[in-house]
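Trainee: Can you read through this structure? Questions will come right after.
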Amino acid sequence: MKKIFKNTEIAFALKSDTELDRAYFLFKMISSQPLVRIGTAVTNFALKVHLPVEKLIRASVFDHFCGGVNEEDCLSVVDKMYTKGVSSVLDYSVEGKEEEDQFEAALKMTLKTIDFAKERKAIPFAVFKPTGIGRIDLYEKVGSKIALTAAEQAEWNRVVERFDIICIEAHKKDVALLIDAEESWMQDAADDIVANMMRKYNKEKAIVFNTLQMYRWDRLDYLKKLHEEAKTEGFHIGMKIVRGAYMEKENNRAAERGYPTPICPSKETTDINYDAAIVYMMENIEQMAIFAGTHNEESTYYLMQLMEEKGIQATDCRVWFGQLYGMSDNISYNLAYNGYNVAKYLPFGPVKDVMPYLIRRAEENTSVAGQTSRELKMLKKERKRRKNG
């Protein structure tokens, strides 16, 4: 397999020298764990007491990792990336809300992004988070099979109805829909709803996609079980495959509450698990569609190799590669340059509401071995290349 991810001229073609310098400075800051912890605490405090820090956040970390404060803000970024063949997934990154009016607002926004996706070839997917349209505690209670009060049952019925409204709209408009995975303690209930949505709307092809976080040791078994049901009941499976973004939180909660952690014991085990899921899906690609969400070069090369071995064209709509906006441009833009389907998650939303997402990105870059150093190495290489003409 030809190694294509070292070309920084292609990777950063859309970045001005100023943007390149800002990215380098940002990742340099993120590389320091103490700085990330202090910065997170200070930022959360400043927002909580309404200090005027939003402009500073926007000028630094927000604008690097997010498309804007609303969907209209994102369109110039969408169009710019698409000039290089990189598509966008508009991600309303508001989660963990508690009020019905907030859930209804997220529902309306998700429907709006489905409209955007229908109208623009540059936006091939819509996406939403389960906790954007329902309380995490309610998902947990349902998933644990705890009896609901009459009021809770009515509330849960509204959550399921929101899922259905979104999936109906995606199916009607022929827009593929990614449903993100979140914390393990709420995921069983979300999985059950999404599986039912697949049964209803994935009869001809994958429209509804669930997400498997492969740092969980049980996810491959879950995929195989769902596949048996799909074969029996006659529906397609859409899956976004990721490693996961809540590792520290998951391990801490398991330790505090005295249950076995759902997380794989090592990074190597997670990598093996991730690649095994990709292999399984490729072996059953006639009934499946993959959105491979990864910043891992080796896993990306591996999927490219599997496609080549199975004679699957780079442009086959059943296989997409995905990265987050502001990260791994060397993967995204070089994939697109070589003809593969690739989309960047483009988060948006009010600055204070998107902070949990931004904090996870900073922590991920700090904790994942090699992630930040790779970003810095690539940025440094491109700055040197430009300096030398």
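Chain labels A, B, ... are given in the sequence in which chains occur in the structure tokens; within each chain residues are numbered consecutively from 1, and ligands are likewise numbered from 1 in the order shown.
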Which polymer residues have any atom within 8 Å of an atom of Phe65 of chain A, counting only C-alpha atoms, with same-chain residues fewer than 5 positions away left out, as a list of chain:residue names?
Mentor: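 Residues near the query, excluding close chain neighbours: A:Leu324, A:Tyr325, A:Gly326, A:Met327, A:Leu346, A:Pro347, A:Leu358.
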Trainee: May I ask which of the residues A:Asn273, A:Thr40, A:Asn70, A:Ser88 is the closest one to Gly322 of chain A, counting only C-alpha atoms?
Mentor: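 When distances to Gly322 of chain A are compared using only C-alpha atoms, the smallest one comes from A:Ser88.
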Trainee: Taking only C-alpha atoms into account, which of A:Val159, A:Ile331, A:Met29, A:Val86 comes nearest Ser373 of chain A?
Mentor: A:Met29
Trainee: Set the distance at 9 Å and use only C-alpha atoms: which residues neighbour Trp217 of chain A once local chain neighbours fewer than 2 positions away are removed? I'd like the list as a list in words.
Mentor: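 What passes the distance filter is Met214, Tyr215, Arg219, Leu220, Asp221, Pro262, Ile263, Cys264, Pro265, Thr269, Thr270 and Asn273 of chain A.
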Trainee: Select from segment 108-194 of chain A everything DSSP, run on the backbone, classes as helix (DSSP H, G or I), then give the selection as a VMD selection string.
Mentor: chain A and resid 108 to 119 130 to 132 136 to 143 150 to 173 184 to 194
Trainee: Which residue gives the smallest distance to His227 of chain A among A:Met281, A:Ile136, A:Leu376, A:Val194, with only C-alpha atoms counted?
Mentor: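 Using only C-alpha atoms, the shortest distance to His227 of chain A belongs to A:Met281.
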Trainee: Choose the residue, out of A:Lys55, A:Lys121, A:Arg216, A:Arg162, that has the smallest atom-to-atom separation from Lys108 of chain A; count only C-alpha atoms.
Mentor: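 Checking each candidate against Lys108 of chain A, we get A:Arg162 as the closest.
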Trainee: Nearest residue to Val61 of chain A out of A:Val319, A:Ile30, A:Ile133, A:Leu212, using only C-alpha atoms?
Mentor: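 Result for the nearest residue to Val61 of chain A: A:Ile30.
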Trainee: How would you write, as a list in words, the set of residues in segment 64-189 of chain A that DSSP gives as strand (DSSP E)?
Mentor: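 Answer for segment 64-189 of chain A, restricted to strand (DSSP E): Ser87, Ser88, Val89, Leu90, Asp91, Tyr92, Phe125, Ala126, Val127, Phe128, Ala176, Leu177, Leu178 and Ile179 of chain A.
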Trainee: Would you output that residue set with N, CA and C atoms, as a PDB file, in the first residue's frame?
Mentor:
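The result, stored in selection-v9.pdb:
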```
ATOM      1  N   SER A  87     -15.545  16.435   2.234  1.00  0.00           N
ATOM      2  CA  SER A  87     -16.925  16.756   2.590  1.00  0.00           C
ATOM      3  C   SER A  87     -17.027  17.135   4.068  1.00  0.00           C
ATOM      4  N   SER A  88     -18.229  17.549   4.474  1.00  0.00           N
ATOM      5  CA  SER A  88     -18.455  17.975   5.857  1.00  0.00           C
ATOM      6  C   SER A  88     -19.662  17.266   6.453  1.00  0.00           C
ATOM      7  N   VAL A  89     -19.609  17.074   7.765  1.00  0.00           N
ATOM      8  CA  VAL A  89     -20.763  16.600   8.537  1.00  0.00           C
ATOM      9  C   VAL A  89     -21.050  17.680   9.573  1.00  0.00           C
ATOM     10  N   LEU A  90     -22.143  18.410   9.399  1.00  0.00           N
ATOM     11  CA  LEU A  90     -22.478  19.481  10.338  1.00  0.00           C
ATOM     12  C   LEU A  90     -22.933  18.865  11.657  1.00  0.00           C
ATOM     13  N   ASP A  91     -22.174  19.128  12.710  1.00  0.00           N
ATOM     14  CA  ASP A  91     -22.395  18.476  14.000  1.00  0.00           C
ATOM     15  C   ASP A  91     -22.777  19.518  15.041  1.00  0.00           C
ATOM     16  N   TYR A  92     -24.061  19.574  15.369  1.00  0.00           N
ATOM     17  CA  TYR A  92     -24.549  20.482  16.415  1.00  0.00           C
ATOM     18  C   TYR A  92     -24.091  19.914  17.756  1.00  0.00           C
ATOM     19  N   PHE A 125     -23.756  13.620   5.025  1.00  0.00           N
ATOM     20  CA  PHE A 125     -24.363  13.024   6.213  1.00  0.00           C
ATOM     21  C   PHE A 125     -24.950  14.104   7.112  1.00  0.00           C
ATOM     22  N   ALA A 126     -25.967  13.710   7.882  1.00  0.00           N
ATOM     23  CA  ALA A 126     -26.400  14.488   9.039  1.00  0.00           C
ATOM     24  C   ALA A 126     -26.009  13.692  10.274  1.00  0.00           C
ATOM     25  N   VAL A 127     -26.049  14.325  11.447  1.00  0.00           N
ATOM     26  CA  VAL A 127     -25.616  13.650  12.666  1.00  0.00           C
ATOM     27  C   VAL A 127     -26.325  14.256  13.873  1.00  0.00           C
ATOM     28  N   PHE A 128     -26.525  13.457  14.905  1.00  0.00           N
ATOM     29  CA  PHE A 128     -26.962  14.007  16.190  1.00  0.00           C
ATOM     30  C   PHE A 128     -26.502  13.100  17.325  1.00  0.00           C
ATOM     31  N   ALA A 176     -27.996  10.108   4.555  1.00  0.00           N
ATOM     32  CA  ALA A 176     -27.444   9.193   5.557  1.00  0.00           C
ATOM     33  C   ALA A 176     -27.317   9.912   6.895  1.00  0.00           C
ATOM     34  N   LEU A 177     -27.638   9.202   7.971  1.00  0.00           N
ATOM     35  CA  LEU A 177     -27.742   9.815   9.294  1.00  0.00           C
ATOM     36  C   LEU A 177     -26.847   9.081  10.282  1.00  0.00           C
ATOM     37  N   LEU A 178     -25.865   9.783  10.832  1.00  0.00           N
ATOM     38  CA  LEU A 178     -24.974   9.228  11.847  1.00  0.00           C
ATOM     39  C   LEU A 178     -25.516   9.553  13.234  1.00  0.00           C
ATOM     40  N   ILE A 179     -25.610   8.540  14.096  1.00  0.00           N
ATOM     41  CA  ILE A 179     -26.047   8.752  15.477  1.00  0.00           C
ATOM     42  C   ILE A 179     -24.867   8.423  16.380  1.00  0.00           C
TER      43      ILE A 179
END
```
Trainee: Taking into account only C-alpha atoms, which residue in the set A:Ala117, A:Val242, A:Ile272, A:Cys317 is nearest to Asp174 of chain A?
Mentor: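 Closest residue, counting only C-alpha atoms: A:Ala117.
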Trainee: Report, in Å with one decimal, the straight-line distance from atom CA of Ala147 of chain A to atom CA of Glu229 of chain A.
Mentor: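 Interatomic distance here is 26.5 Å.
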Trainee: As a PyMOL selection string, please: the residues near segment 46-48 of chain A (cut-off 7 Å, only C-alpha atoms, same-chain neighbours under 4 positions excluded).
Mentor: chain A and resi 42+53+352
Trainee: Residues as selected, N, CA and C atoms, written as an mmCIF file, in the first residue's frame, can you do that?
Mentor:
```
data_model
loop_
_atom_site.group_PDB
_atom_site.id
_atom_site.type_symbol
_atom_site.label_atom_id
_atom_site.label_comp_id
_atom_site.auth_asym_id
_atom_site.auth_seq_id
_atom_site.Cartn_x
_atom_site.Cartn_y
_atom_site.Cartn_z
ATOM 1 N N VAL A 42 -9.888 27.071 34.259
ATOM 2 C CA VAL A 42 -10.044 28.533 34.169
ATOM 3 C C VAL A 42 -11.164 28.896 33.190
ATOM 4 N N VAL A 53 -14.927 36.122 27.968
ATOM 5 C CA VAL A 53 -13.814 35.362 27.394
ATOM 6 C C VAL A 53 -14.171 34.686 26.066
ATOM 7 N N LYS A 352 -20.301 28.474 24.775
ATOM 8 C CA LYS A 352 -20.417 27.845 26.094
ATOM 9 C C LYS A 352 -20.988 26.429 25.999
#
```
Trainee: Please provide the set of residues having any atom within 7 Å of Val78 of chain A, restricted to only C-alpha atoms, with same-chain residues fewer than 3 positions apart removed, written as a list in words.
Mentor: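 Close residues of Val78 of chain A: Cys74, Leu75, Met81, Tyr82, Ser88 and Ala122 of chain A.
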Trainee: Excluding same-chain residues fewer than 3 positions from Ile168 of chain A, what lies within 10 Å of it counting only C-alpha atoms, as a list in words?
Mentor: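 Non-adjacent residues within range: Arg162, Phe163, Asp164, Ile165, His171, Lys172, Lys173, Asp174, Met197, Lys200, Tyr201 and Val208 of chain A.
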Trainee: Name the residues in contact with Lys3 of chain A at a cut-off of 12 Å, using only C-alpha atoms, excluding same-chain residues fewer than 5 positions from it; report them as a PyMOL selection string.
Mentor: chain A and resi 297-298+300-302+304-305+330-331+334-335+338
